[in-house]
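**Q** Sharing a structure with you now.
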Amino acid sequence: MDRIYLDHASSMLIDPKVLEFAKKYLELEIGNPSSLHSAGLEAKRCVEEARTKIAELINAEEENSIIFTGSATESNNLAIRGTALRNIGKGKSVLASAIEHISVINPMKDLQKNGFTFSQVPVDSTGLIDLEKLKEVINSETIVTSIMYANSEIGTIEPIKEISEIVHEKGQYLHVDATAAAGRIPIDVQKDGIDLLTLSSNDLYGPQGVGALYVKKGVKLQPVVIGGGQERGLRSGTENLFGISGMGEAARLAKLEMVQESSRLTKIRDKLIDEILTIDESYLTGHRTLRLPHHASFRFSHIEGESILLNMDMYNIQVSTGSACSSKTLEPSHVLLAIGLKHEEAHGSMVMTLGKSNNMEQIPMIVKAVKETVERLRKLSPLSTQEVR
Amino acid sequence: MAQVGYSKKVMEHFMNPQNVGVIENADGYGKVGNPVCGDLMEIYIKVKDDKIEDIKFRTFGCGSAIATSSMVTELAKGMHIDEALKITRKDVADELNGLPPKKMHCSNLAADALHEAIEDYKRKKEGKTEPKKDKSATACDDESCHSFADVEEGF
């Protein structure tokens, strides 16, 4: 059976148009952007062109606000460590939502070990940030507040503009991890009032191994990786020309195609959600409408997520899960616990993230596979009341 | 090269588990694990002349939890109970051509469930009437669930 890939939040195939555009930087003799000869200048132009394209995707006020990094994880580290350590005189508090990515939470926990106060703001059962609690917790000592634009495990889109107003009334900087949201919903860092924003190349159908951080003019941060002073001294290291030019082109295409592609995926998503929720004791995780267009996530009672993933793979359909068994720490997803699921409920999660390779015609096959998977695993499960034979 | 993912044998048992189900009026019943931890196994045995004549299982859990349950029932079927008590977690994992390191503890409880079922049978045979001790944990602080020293957590 042909592969039906439904794990675009984990990894995506590079867009062939992006590959075609960027592959010259692997094939040709291109200089180092720091060199002053013609080959170096050509490389420099490649980087600057990409920077402009990315600035346009998020409506950054100037292209110099974009810093290239090696990954979204590195961007998150730079945003958090960079602002916290540079502005230590203004306070020693950092703040994040309870559903942030581990690459936001772990740098904050690390700062906590070094004398910072780290607080987490809870979310409701749909994954929306508790704004009242945010108002309570934030204060003038809070150097950086990190809230994601949308969550990759449950698809919920946060009210970033409102959050920005709260953060700027009392605290200092707002960092937004837009890894899951960028290219899928419109992002305007100026209108939204964002100080730092993380982007991932691969999540835009660009090459893996590149990320970017938007840093608003005037935001003070110190580098994490130091050396030759590339990227305004904020991220040293010779530029990854293939990756950077590919990310730039991916951002340009994302801006161009977003409205149409997101509307196409929303229809597939809604059909998928409606069909899957006809299964007994199946539940949507995350918000029903304030939701990423490509995102459908569920939990099923009495069965376990890794088994769901393996069983779906037998139909050549690739999904994801927040089950403990699939994690390195053997703990269920902190996101699912944060929306109030019990451990045994969080174990039964399944996440589907759609992409360009998916279409309406695949829905019947996907739904059939999910129904059969759930039925088979429930027959095996002692928690299920379903008849054994 | 390090093994990636599950062995073929694990996947075979996951996809086609043997001896699934319950035995009505079983001679022995064992239950280990906890849904909170993500693994719960129960094993039913029918014993004749101290030999395991029939054995069935039901499991809530990941791929290795299901595969180890299936494998332990295959190993124990027809065995004398004294021999079956000697089946270890390692035996089960070895028969499946190994398990990923982090699965060796928390998702490899099938041998424990079998031993529970045999102990339950022995208790009944000796005519002891007190209710059997429920070994399934009530919270996820079960040692078996958290003995994963090989897993690195950053912070």
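Lettering and numbering for the structure tokens are positional, with chains as A, B, ... in the shown order, residues counted from 1 in each chain, and ligands counted from 1 in the shown order.
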Restrict the distance test to only C-alpha atoms, flag each residue of chain B within 6 Å of chain A, and return the flagged residues as a PyMOL selection string.
**A** chain B and resi 21+35-36+58-63
**Q** One decimal, Å: what's the distance from atom CA of A:Phe118 over to atom CA of A:Ser152, could you say?
**A**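 One can read the atom CA of A:Phe118 to atom CA of A:Ser152 distance as 22.5 Å.
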**Q** Please provide the set of residues having any atom within 7 Å of A:Phe298, restricted to only C-alpha atoms, with same-chain residues fewer than 5 positions apart removed, written as a list of chain:residue names.
**A**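 Returned residues: A:Ser282, A:Tyr283, A:Leu284, A:Thr285, A:Ser349, A:Met350, A:Val351.
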**Q** Tell me which protein, DNA and RNA residues are within 8 Å of B:Asn19, counting only C-alpha atoms, leaving out same-chain ones fewer than 6 positions away, and put them as a list in words.
**A**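 Within the cut-off, the hits are Ile55, Lys56, Phe57, Ser70, Thr73 and Glu74 of chain B.
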**Q** I'd like the contact shell of stretch 236-252 of chain A - 6 Å cut-off, only C-alpha atoms, skipping same-chain residues fewer than 4 positions apart - returned as an mmCIF file with C-alpha atoms, in the first residue's frame.
**A**
data_model
loop_
_atom_site.group_PDB
_atom_site.id
_atom_site.type_symbol
_atom_site.label_atom_id
_atom_site.label_comp_id
_atom_site.auth_asym_id
_atom_site.auth_seq_id
_atom_site.Cartn_x
_atom_site.Cartn_y
_atom_site.Cartn_z
ATOM 1 C CA VAL A 18 13.007 24.438 -2.771
ATOM 2 C CA ALA A 22 18.936 25.660 -3.282
ATOM 3 C CA TYR A 25 24.824 25.814 -3.178
ATOM 4 C CA ALA A 50 17.019 34.406 2.252
ATOM 5 C CA LYS A 53 12.264 36.314 2.283
ATOM 6 C CA ILE A 54 11.946 35.196 5.889
ATOM 7 C CA SER A 201 13.114 25.549 8.120
ATOM 8 C CA LEU A 204 8.148 25.229 6.102
ATOM 9 C CA TYR A 205 9.173 22.421 3.672
ATOM 10 C CA GLY A 206 12.734 23.692 3.752
ATOM 11 C CA PRO A 207 15.882 21.626 4.397
ATOM 12 C CA VAL A 210 18.333 25.296 9.815
ATOM 13 C CA VAL A 225 27.434 30.238 20.298
ATOM 14 C CA ILE A 226 30.424 32.562 20.078
ATOM 15 C CA GLY A 227 33.274 32.707 17.600
ATOM 16 C CA GLY A 228 33.773 34.607 14.360
ATOM 17 C CA GLY A 229 30.874 36.968 14.859
ATOM 18 C CA GLN A 230 28.549 35.921 12.058
#
**Q** Between B:Asn25, B:Ser64, B:Met1, B:Leu85, which has the minimum distance to B:Pro100 (counting only C-alpha atoms)?
**A**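 Of the candidates, the smallest distance to B:Pro100 is held by B:Ser64.
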**Q** Counting only C-alpha atoms, what is within 10 Å of stretch 171-176 of chain A, bar same-chain residues fewer than 3 positions away, as a VMD selection string?
**A** chain A and resid 76 79 to 80 83 to 84 87 90 to 91 93 to 96 100 104 135 137 to 150 160 163 to 168 179 189 193 to 199 213 to 216 219 to 220
**Q** Select from stretch 98-237 of chain A everything DSSP, run on the backbone, classes as strand (DSSP E), then give the selection as a ChimeraX atom specification.
**A** /A:117-121,142-146,173-177,196-200,211-215
**Q** Take the residues from that selection and put them in a file with C-alpha atoms, as a compact mmCIF listing (two decimals), in the first residue's frame.
**A**
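Done, and the output landed in result-v7.txt:
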# COMPACT_ATOMS: atom_id res chain seq x y z
CA THR A 117 12.95 31.88 39.09
CA PHE A 118 11.06 29.78 36.55
CA SER A 119 7.26 29.82 36.52
CA GLN A 120 4.80 28.06 34.26
CA VAL A 121 1.38 29.34 33.29
CA THR A 142 10.20 38.67 34.30
CA ILE A 143 12.86 39.07 31.63
CA VAL A 144 11.42 36.69 29.07
CA THR A 145 7.99 35.10 28.72
CA SER A 146 7.82 32.28 26.19
CA TYR A 173 10.26 40.42 26.39
CA LEU A 174 7.80 38.08 24.69
CA HIS A 175 9.35 35.11 22.90
CA VAL A 176 7.05 33.12 20.62
CA ASP A 177 7.91 29.68 19.28
CA LEU A 196 11.53 37.22 19.58
CA LEU A 197 10.13 34.53 17.28
CA THR A 198 11.45 31.06 16.52
CA LEU A 199 11.13 29.54 13.04
CA SER A 200 12.12 26.13 11.73
CA GLY A 211 16.28 27.56 12.00
CA ALA A 212 15.89 31.27 12.46
CA LEU A 213 15.21 33.68 15.27
CA TYR A 214 13.49 37.00 14.75
CA VAL A 215 14.92 39.56 17.14
**Q** Near B:Tyr29, counting only C-alpha atoms, which residues have an atom at most 8 Å away, once you skip same-chain residues fewer than 4 positions from it, shown as a list in words?
**A** Glu42, Ile43, Tyr44, Ile45, Glu116, Ala117, Ile118, Asp120 and Tyr121 of chain B
**Q** Output as a VMD selection string all residues of stretch 31-135 of chain B that backbone DSSP marks as helix (DSSP H, G or I).
**A** chain B and resid 63 to 76 81 to 84 89 to 95 103 to 106 110 to 125
**Q** How would the residues just chosen look if you wrote them out with C-alpha atoms as a short mmCIF file (atom, residue, chain, number, x, y, z; two decimals), in the first residue's frame?
**A**
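Listing of part_13.cif after writing:
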data_model
loop_
_atom_site.label_atom_id
_atom_site.label_comp_id
_atom_site.auth_asym_id
_atom_site.auth_seq_id
_atom_site.Cartn_x
_atom_site.Cartn_y
_atom_site.Cartn_z
CA GLY B 63 4.31 -2.99 21.37
CA SER B 64 6.74 -4.76 23.65
CA ALA B 65 4.14 -5.19 26.38
CA ILE B 66 1.88 -7.03 23.96
CA ALA B 67 4.69 -9.05 22.37
CA THR B 68 6.18 -10.17 25.70
CA SER B 69 2.73 -11.22 26.93
CA SER B 70 2.19 -13.30 23.81
CA MET B 71 5.66 -14.82 24.08
CA VAL B 72 5.39 -15.77 27.74
CA THR B 73 2.13 -17.61 27.09
CA GLU B 74 3.82 -19.50 24.24
CA LEU B 75 6.73 -20.44 26.47
CA ALA B 76 4.61 -21.52 29.42
CA ILE B 81 4.37 -24.98 36.94
CA ASP B 82 7.74 -25.34 38.68
CA GLU B 83 9.49 -24.91 35.33
CA ALA B 84 7.22 -22.03 34.34
CA ARG B 89 11.98 -11.48 32.05
CA LYS B 90 15.30 -12.00 30.33
CA ASP B 91 14.18 -15.35 28.89
CA VAL B 92 11.16 -13.65 27.37
CA ALA B 93 13.25 -10.83 25.92
CA ASP B 94 15.82 -13.30 24.56
CA GLU B 95 13.14 -15.38 22.88
CA LYS B 103 11.72 -1.45 27.32
CA MET B 104 13.53 -4.09 29.34
CA HIS B 105 11.88 -3.08 32.60
CA CYS B 106 8.60 -1.28 32.31
CA ALA B 110 4.81 -10.66 31.31
CA ALA B 111 6.93 -13.16 33.27
CA ASP B 112 5.82 -11.46 36.49
CA ALA B 113 2.17 -11.83 35.47
CA LEU B 114 2.74 -15.53 34.76
CA HIS B 115 4.39 -16.03 38.17
CA GLU B 116 1.47 -14.25 39.82
CA ALA B 117 -0.98 -16.57 38.10
CA ILE B 118 0.97 -19.65 39.24
CA GLU B 119 1.20 -18.38 42.82
CA ASP B 120 -2.53 -17.76 42.71
CA TYR B 121 -3.08 -21.34 41.54
CA LYS B 122 -0.86 -22.69 44.34
CA ARG B 123 -2.71 -20.66 46.96
CA LYS B 124 -6.04 -21.97 45.74
CA LYS B 125 -4.74 -25.53 45.67
#
**Q** Can you work out the spacing between atom CA of A:Lys161 and atom CA of A:Leu336 in Å, to one decimal?
**A**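 So the answer is 24.4 Å.
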**Q** Pick out the closest residue to A:Ile154 from this set: A:Thr266, A:Thr126, A:Ser97, A:Gln260. Count only C-alpha atoms.
**A**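 Among A:Thr266, A:Thr126, A:Ser97, A:Gln260, it is A:Thr126 that comes nearest to A:Ile154.
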